[in-house]
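Take a look at the structure set out below.
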Amino acid sequence: TTTDLRAWTGLTGPQMHRLVRQLWEKTPDTGRGRPWALSFTDRVLLLVLAYRTNLTMQQLGSLFGISHSALHRVVDRLAGPLAELLGPPPTDRRELWVVDGTLLPVHDKKKTAKSKNYRRSVNVQVVCRARDRRVVAVGDAWPGNRNDIVVFRETVGRTLPDHPRLSGDGGYRGSDRIRTPQRGPDGRIIKDRNYRRFRRRRAVAEHTIARLKDHQVLRQCRRKGDGINHAVAGVAALHNLKLEVR
(Lines give C-alpha, C1' and ligand atoms only; values in the text may rest on other atoms or scores of the structure.)
Protein backbone atom coordinates (compact mmCIF):
# COMPACT_ATOMS: atom_id res chain seq x y z
CA THR A 1 0.00 0.00 0.00
CA THR A 2 0.96 3.65 -0.26
CA THR A 3 1.36 3.86 3.51
CA ASP A 4 3.63 0.82 3.60
CA LEU A 5 5.70 2.16 0.70
CA ARG A 6 6.18 5.50 2.44
CA ALA A 7 7.05 3.86 5.75
CA TRP A 8 9.64 1.49 4.24
CA THR A 9 11.24 3.66 1.57
CA GLY A 10 10.32 7.27 2.34
CA LEU A 11 8.90 7.61 -1.20
CA THR A 12 5.33 8.02 -2.38
CA GLY A 13 3.79 6.13 -5.29
CA PRO A 14 4.40 8.90 -7.88
CA GLN A 15 7.97 9.33 -6.67
CA MET A 16 8.67 5.62 -7.01
CA HIS A 17 7.16 5.54 -10.51
CA ARG A 18 9.34 8.50 -11.50
CA LEU A 19 12.43 6.77 -10.13
CA VAL A 20 11.67 3.52 -11.96
CA ARG A 21 11.17 5.41 -15.23
CA GLN A 22 14.45 7.34 -14.85
CA LEU A 23 16.48 4.24 -14.04
CA TRP A 24 14.88 2.30 -16.89
CA GLU A 25 16.01 5.01 -19.31
CA LYS A 26 19.57 4.64 -18.04
CA THR A 27 19.82 0.86 -17.77
CA PRO A 28 16.93 -1.00 -19.41
CA ASP A 29 16.70 -4.78 -19.51
CA THR A 30 18.12 -5.98 -22.82
CA GLY A 31 16.70 -9.50 -22.63
CA ARG A 32 20.15 -11.05 -23.05
CA GLY A 33 22.15 -13.02 -20.52
CA ARG A 34 20.95 -14.60 -17.32
CA PRO A 35 17.33 -13.61 -16.56
CA TRP A 36 16.71 -11.61 -13.41
CA ALA A 37 14.88 -13.26 -10.52
CA LEU A 38 12.89 -10.05 -9.88
CA SER A 39 11.12 -7.58 -12.11
CA PHE A 40 12.77 -4.23 -12.75
CA THR A 41 10.37 -2.42 -10.42
CA ASP A 42 11.11 -4.87 -7.61
CA ARG A 43 14.84 -4.46 -8.17
CA VAL A 44 14.53 -0.68 -7.82
CA LEU A 45 12.46 -1.18 -4.68
CA LEU A 46 15.14 -3.50 -3.32
CA LEU A 47 17.88 -0.90 -3.81
CA VAL A 48 15.87 1.91 -2.22
CA LEU A 49 14.95 -0.37 0.68
CA ALA A 50 18.59 -1.34 1.13
CA TYR A 51 19.62 2.32 1.39
CA ARG A 52 16.71 3.27 3.63
CA THR A 53 16.87 0.43 6.16
CA ASN A 54 20.47 -0.83 5.76
CA LEU A 55 19.34 -4.41 6.29
CA THR A 56 21.97 -7.08 5.76
CA MET A 57 22.13 -8.94 2.48
CA GLN A 58 20.84 -12.07 4.18
CA GLN A 59 17.81 -10.19 5.53
CA LEU A 60 17.03 -8.57 2.18
CA GLY A 61 17.45 -11.86 0.35
CA SER A 62 14.98 -13.54 2.69
CA LEU A 63 12.56 -10.64 2.32
CA PHE A 64 12.55 -10.79 -1.49
CA GLY A 65 13.00 -14.53 -1.80
CA ILE A 66 16.26 -14.43 -3.80
CA SER A 67 19.77 -15.68 -3.20
CA HIS A 68 22.62 -13.73 -1.67
CA SER A 69 24.52 -13.54 -4.97
CA ALA A 70 21.44 -12.42 -6.94
CA LEU A 71 20.88 -9.59 -4.48
CA HIS A 72 24.50 -8.44 -4.86
CA ARG A 73 24.08 -8.34 -8.64
CA VAL A 74 20.97 -6.17 -8.30
CA VAL A 75 22.72 -3.65 -6.07
CA ASP A 76 25.87 -3.56 -8.22
CA ARG A 77 23.80 -3.05 -11.37
CA LEU A 78 21.60 -0.20 -10.11
CA ALA A 79 23.77 1.64 -7.56
CA GLY A 80 25.83 3.42 -10.22
CA PRO A 81 22.89 4.59 -12.40
CA LEU A 82 21.06 5.82 -9.30
CA ALA A 83 24.10 7.87 -8.30
CA GLU A 84 24.20 9.39 -11.80
CA LEU A 85 20.66 10.74 -11.35
CA LEU A 86 22.10 13.46 -9.11
CA GLY A 87 23.11 15.21 -12.32
CA PRO A 88 25.22 18.33 -12.89
CA PRO A 89 24.92 21.41 -10.62
CA PRO A 90 22.37 24.12 -11.51
CA THR A 91 23.69 27.03 -13.57
CA ASP A 92 21.82 29.88 -11.85
CA ARG A 93 24.54 32.03 -10.27
CA ARG A 94 22.05 34.05 -8.22
CA GLU A 95 21.23 31.13 -5.92
CA LEU A 96 22.92 30.79 -2.53
CA TRP A 97 24.82 27.54 -2.05
CA VAL A 98 25.96 26.20 1.32
CA VAL A 99 28.70 23.62 1.82
CA ASP A 100 29.30 21.45 4.86
CA GLY A 101 31.12 18.24 5.68
CA THR A 102 29.85 15.21 7.55
CA LEU A 103 31.40 12.07 8.99
CA LEU A 104 29.99 8.72 7.87
CA PRO A 105 30.96 5.46 9.61
CA VAL A 106 32.21 2.94 7.02
CA HIS A 107 33.48 -0.61 7.52
CA ASP A 108 36.06 -0.45 4.70
CA LYS A 109 39.29 0.37 6.55
CA LYS A 110 41.07 1.31 3.33
CA LYS A 111 38.94 4.45 3.10
CA THR A 112 38.48 5.38 6.76
CA ALA A 113 40.43 6.82 9.67
CA LYS A 114 39.61 7.41 13.32
CA SER A 115 38.04 10.83 13.65
CA LYS A 116 36.39 13.08 16.21
CA ASN A 117 33.32 10.83 16.39
CA TYR A 118 35.62 8.12 17.82
CA ARG A 119 34.85 5.76 14.95
CA ARG A 120 36.46 4.83 11.67
CA SER A 121 34.71 7.26 9.36
CA VAL A 122 34.97 9.09 6.07
CA ASN A 123 34.57 12.80 5.42
CA VAL A 124 32.03 13.65 2.69
CA GLN A 125 31.36 17.18 1.45
CA VAL A 126 27.76 18.15 0.64
CA VAL A 127 26.78 21.30 -1.27
CA CYS A 128 23.10 22.26 -1.16
CA ARG A 129 20.92 25.12 -2.38
CA ALA A 130 19.68 27.33 0.44
CA ARG A 131 16.30 28.08 -1.13
CA ASP A 132 14.88 24.56 -1.17
CA ARG A 133 17.67 22.33 0.29
CA ARG A 134 18.31 20.68 -3.05
CA VAL A 135 21.63 18.82 -3.09
CA VAL A 136 23.85 20.46 -5.70
CA ALA A 137 26.87 18.16 -5.45
CA VAL A 138 28.52 15.61 -3.17
CA GLY A 139 32.19 14.76 -2.97
CA ASP A 140 34.00 11.45 -2.86
CA ALA A 141 34.74 9.96 0.55
CA TRP A 142 38.05 10.83 2.18
CA PRO A 143 39.47 9.62 5.52
CA GLY A 144 37.60 11.16 8.42
CA ASN A 145 40.67 12.73 10.05
CA ARG A 146 41.11 15.24 7.20
CA ASN A 147 39.95 18.83 7.58
CA ASP A 148 36.91 20.04 5.66
CA ILE A 149 38.85 22.55 3.57
CA VAL A 150 41.36 19.89 2.48
CA VAL A 151 38.63 17.44 1.47
CA PHE A 152 36.69 20.19 -0.34
CA ARG A 153 39.70 21.23 -2.42
CA GLU A 154 40.52 17.68 -3.46
CA THR A 155 36.97 16.50 -4.20
CA VAL A 156 34.11 18.94 -4.82
CA GLY A 157 36.46 21.84 -5.46
CA ARG A 158 37.90 20.11 -8.52
CA THR A 159 34.54 19.48 -10.22
CA LEU A 160 32.21 22.19 -8.89
CA PRO A 161 32.10 25.30 -11.11
CA ASP A 162 33.01 28.64 -9.55
CA HIS A 163 29.97 30.10 -7.83
CA PRO A 164 29.87 33.67 -6.47
CA ARG A 165 27.52 32.80 -3.59
CA LEU A 166 29.05 29.76 -1.91
CA SER A 167 28.99 29.85 1.88
CA GLY A 168 30.66 27.68 4.52
CA ASP A 169 31.51 27.63 8.21
CA GLY A 170 34.80 28.47 9.91
CA GLY A 171 36.31 25.16 8.83
CA TYR A 172 36.70 26.56 5.30
CA ARG A 173 38.74 29.56 6.39
CA GLY A 174 41.42 30.43 3.87
CA SER A 175 39.50 29.43 0.75
CA ASP A 176 38.95 32.20 -1.80
CA ARG A 177 35.88 30.39 -3.20
CA ILE A 178 33.87 30.10 0.01
CA ARG A 179 32.42 32.88 2.14
CA THR A 180 33.17 32.31 5.83
CA PRO A 181 32.23 34.31 8.97
CA GLN A 182 33.98 37.64 9.30
CA ARG A 183 36.77 37.74 11.87
CA GLY A 184 38.30 40.58 13.84
CA PRO A 185 42.00 41.49 14.24
CA ASP A 186 42.29 38.93 17.06
CA GLY A 187 41.09 36.13 14.79
CA ARG A 188 37.76 35.66 16.55
CA ILE A 189 34.44 35.63 14.74
CA ILE A 190 32.53 38.91 14.87
CA LYS A 191 29.10 37.93 16.21
CA ASP A 192 27.00 40.72 14.74
CA ARG A 193 23.79 40.78 12.68
CA ASN A 194 25.58 39.34 9.64
CA TYR A 195 26.83 36.42 11.70
CA ARG A 196 23.32 35.59 12.91
CA ARG A 197 22.14 35.63 9.30
CA PHE A 198 25.06 33.40 8.37
CA ARG A 199 24.15 30.88 11.08
CA ARG A 200 20.62 30.57 9.72
CA ARG A 201 22.03 29.87 6.27
CA ARG A 202 24.50 27.34 7.62
CA ALA A 203 21.65 25.51 9.37
CA VAL A 204 20.24 24.72 5.91
CA ALA A 205 23.21 22.46 5.17
CA GLU A 206 22.98 20.77 8.55
CA HIS A 207 19.26 20.07 8.07
CA THR A 208 19.89 18.72 4.58
CA ILE A 209 22.56 16.33 5.85
CA ALA A 210 20.17 15.22 8.60
CA ARG A 211 17.55 14.40 5.94
CA LEU A 212 20.11 12.40 3.99
CA LYS A 213 20.98 10.42 7.10
CA ASP A 214 17.39 9.24 7.37
CA HIS A 215 18.78 6.57 5.05
CA GLN A 216 20.50 4.21 7.44
CA VAL A 217 23.20 3.25 4.94
CA LEU A 218 24.86 6.59 5.73
CA ARG A 219 24.99 5.71 9.42
CA GLN A 220 26.82 2.39 8.98
CA CYS A 221 27.92 1.56 5.45
CA ARG A 222 29.14 -2.03 5.04
CA ARG A 223 29.93 -1.86 1.32
CA LYS A 224 33.54 -1.75 0.14
CA GLY A 225 35.31 0.27 -2.54
CA ASP A 226 33.14 2.88 -4.25
CA GLY A 227 30.03 1.61 -2.48
CA ILE A 228 30.01 4.57 -0.08
CA ASN A 229 30.37 7.06 -2.95
CA HIS A 230 27.49 5.45 -4.85
CA ALA A 231 25.40 5.41 -1.67
CA VAL A 232 25.91 9.09 -0.89
CA ALA A 233 25.18 10.22 -4.44
CA GLY A 234 22.22 7.84 -4.71
CA VAL A 235 20.69 9.04 -1.45
CA ALA A 236 21.19 12.65 -2.60
CA ALA A 237 19.38 11.82 -5.86
CA LEU A 238 16.48 10.33 -3.88
CA HIS A 239 16.39 13.47 -1.72
CA ASN A 240 16.15 15.69 -4.81
CA LEU A 241 13.47 13.44 -6.28
CA LYS A 242 11.29 13.95 -3.23
CA LEU A 243 11.66 17.73 -3.65
CA GLU A 244 10.73 17.60 -7.33
CA VAL A 245 7.77 15.19 -7.12
CA ARG A 246 5.31 15.78 -4.28
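Numbering starts fresh at 1 for the residues of each chain in the C-alpha coordinates, the chains themselves are lettered A, B, ... in the order given, and ligands are numbered from 1 as they appear.
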
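Neighbours of Thr1 of chain A closer than or equal to 12 Å, with only C-alpha atoms counted and sequence neighbours fewer than 3 positions away skipped, come out as A:Asp4, A:Leu5, A:Arg6, A:Ala7, A:Trp8, A:Thr9, A:Leu11, A:Thr12, A:Gly13.
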
Any chance you can output those residues with N, CA and C atoms as a PDB file, in the first residue's frame?
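This is the output file part-v7.pdb:
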```pdb
ATOM      1  N   ASP A   4       2.493   1.721   3.395  1.00  0.00           N
ATOM      2  CA  ASP A   4       3.629   0.824   3.600  1.00  0.00           C
ATOM      3  C   ASP A   4       4.839   1.269   2.787  1.00  0.00           C
ATOM      4  N   LEU A   5       4.594   1.697   1.551  1.00  0.00           N
ATOM      5  CA  LEU A   5       5.700   2.156   0.700  1.00  0.00           C
ATOM      6  C   LEU A   5       6.389   3.369   1.310  1.00  0.00           C
ATOM      7  N   ARG A   6       5.601   4.303   1.820  1.00  0.00           N
ATOM      8  CA  ARG A   6       6.178   5.497   2.441  1.00  0.00           C
ATOM      9  C   ARG A   6       6.938   5.151   3.714  1.00  0.00           C
ATOM     10  N   ALA A   7       6.399   4.217   4.491  1.00  0.00           N
ATOM     11  CA  ALA A   7       7.047   3.855   5.747  1.00  0.00           C
ATOM     12  C   ALA A   7       8.370   3.127   5.522  1.00  0.00           C
ATOM     13  N   TRP A   8       8.446   2.293   4.478  1.00  0.00           N
ATOM     14  CA  TRP A   8       9.640   1.488   4.243  1.00  0.00           C
ATOM     15  C   TRP A   8      10.694   2.218   3.426  1.00  0.00           C
ATOM     16  N   THR A   9      10.290   3.048   2.486  1.00  0.00           N
ATOM     17  CA  THR A   9      11.244   3.665   1.565  1.00  0.00           C
ATOM     18  C   THR A   9      11.330   5.177   1.683  1.00  0.00           C
ATOM     19  N   LEU A  11       9.373   7.106   0.082  1.00  0.00           N
ATOM     20  CA  LEU A  11       8.896   7.611  -1.199  1.00  0.00           C
ATOM     21  C   LEU A  11       7.401   7.348  -1.343  1.00  0.00           C
ATOM     22  N   THR A  12       6.724   8.240  -2.039  1.00  0.00           N
ATOM     23  CA  THR A  12       5.327   8.024  -2.376  1.00  0.00           C
ATOM     24  C   THR A  12       5.225   7.234  -3.675  1.00  0.00           C
ATOM     25  N   GLY A  13       3.995   6.859  -4.042  1.00  0.00           N
ATOM     26  CA  GLY A  13       3.794   6.126  -5.289  1.00  0.00           C
ATOM     27  C   GLY A  13       4.285   6.880  -6.513  1.00  0.00           C
TER      28      GLY A  13
END
```

Taking only C-alpha atoms into account, produce a table as a tab-separated table in which each residue of segment 102-188 of chain A with an atom at most 8 Å from an atom of segment 211-235 of chain A appears once, together with its shortest atom pair and the distance in Å to one decimal, ordered by chain and rising number.
```
residue	atom	partner	partner_atom	distance
A:Leu104	CA	A:Leu218	CA	6.0
A:Pro105	CA	A:Gln220	CA	5.2
A:Val106	CA	A:Cys221	CA	4.8
A:His107	CA	A:Arg222	CA	5.2
A:Asp108	CA	A:Lys224	CA	5.4
A:Lys111	CA	A:Gly225	CA	7.9
A:Val138	CA	A:Ala233	CA	6.5
A:Gly139	CA	A:Asn229	CA	7.9
A:Asp140	CA	A:Asn229	CA	5.7
A:Ala141	CA	A:Asn229	CA	6.3
```

Practice task
Determine, counting only C-alpha atoms, which protein, DNA and RNA residues have an atom within 10 Å of an atom of segment 126-137 of chain A; residues of the same chain fewer than 6 positions away are not included. Present the result as number ranges by chain.
Solution key: A: 86-90, 95-102, 152, 156, 159-160, 166-168, 200-209, 211-212, 232-233, 235-244

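Across the model, the gap from atom CA of Ala50 of chain A to atom CA of Asp148 of chain A is 28.5 Å.
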
Practice task
Step one, run DSSP on the backbone; step two, keep only residues of segment 1-244 of chain A assigned to helix (DSSP H, G or I); then write them as a PyMOL selection string.
Solution key: chain A and resi 2-9+13-26+40-53+57-64+68-84+148-154+156-159+170-172+193-212+216-218+227-244

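Coordinates place atom CA of His72 of chain A at a distance of 13.7 Å from atom CA of Val48 of chain A.
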
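Those residues of segment 44-236 of chain A that DSSP, working from the backbone, places in strand (DSSP E) are Trp97, Val98, Val99, Asp100, Gly101, Thr102, Leu103, Leu104, Pro105, Ala113, Lys114, Arg120, Ser121, Val122, Asn123, Val124, Gln125, Val126, Val127, Cys128, Arg129, Val135, Val136, Ala137, Val138, Trp142, Pro143, Leu166 and Ser167 of chain A.
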
Practice task
Give the answer as one residue: which of A:Gly33, A:Leu103, A:Asn54, A:Val44 has the shortest atom-to-atom distance to His17 of chain A, using only C-alpha atoms?
Solution key: A:Val44

Exercise for the section: Using only C-alpha atoms, determine which residues lie at most 12 Å from Thr30 of chain A, disregarding the query and same-chain residues fewer than 6 positions distant; provide the list as an NGL selection string. Expected result: :A and (24 or 36 or 40)

Preceding selection exported with N, CA, C and O atoms as a PDB file, in the first residue's frame:
```
ATOM      1  N   TRP A  24      15.094   3.112 -15.693  1.00  0.00           N
ATOM      2  CA  TRP A  24      14.884   2.297 -16.892  1.00  0.00           C
ATOM      3  C   TRP A  24      15.491   2.968 -18.118  1.00  0.00           C
ATOM      4  O   TRP A  24      16.032   2.307 -19.003  1.00  0.00           O
ATOM      5  N   TRP A  36      16.763 -12.080 -14.777  1.00  0.00           N
ATOM      6  CA  TRP A  36      16.712 -11.609 -13.408  1.00  0.00           C
ATOM      7  C   TRP A  36      15.616 -12.363 -12.643  1.00  0.00           C
ATOM      8  O   TRP A  36      14.581 -12.709 -13.195  1.00  0.00           O
ATOM      9  N   PHE A  40      11.961  -5.445 -12.886  1.00  0.00           N
ATOM     10  CA  PHE A  40      12.765  -4.230 -12.755  1.00  0.00           C
ATOM     11  C   PHE A  40      12.244  -3.355 -11.623  1.00  0.00           C
ATOM     12  O   PHE A  40      13.026  -2.769 -10.858  1.00  0.00           O
TER      13      PHE A  40
END
```

Practice task
Give me, please, the distance in Å between atom CA of Ala70 of chain A and atom CA of Ala37 of chain A, quoted to one decimal.
Solution key: 7.5 Å

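Among the candidates A:Thr180, A:Thr27, A:Thr56, A:Ser67, the residue lying nearest to Ala79 of chain A is A:Thr27 (atoms considered: only C-alpha atoms).
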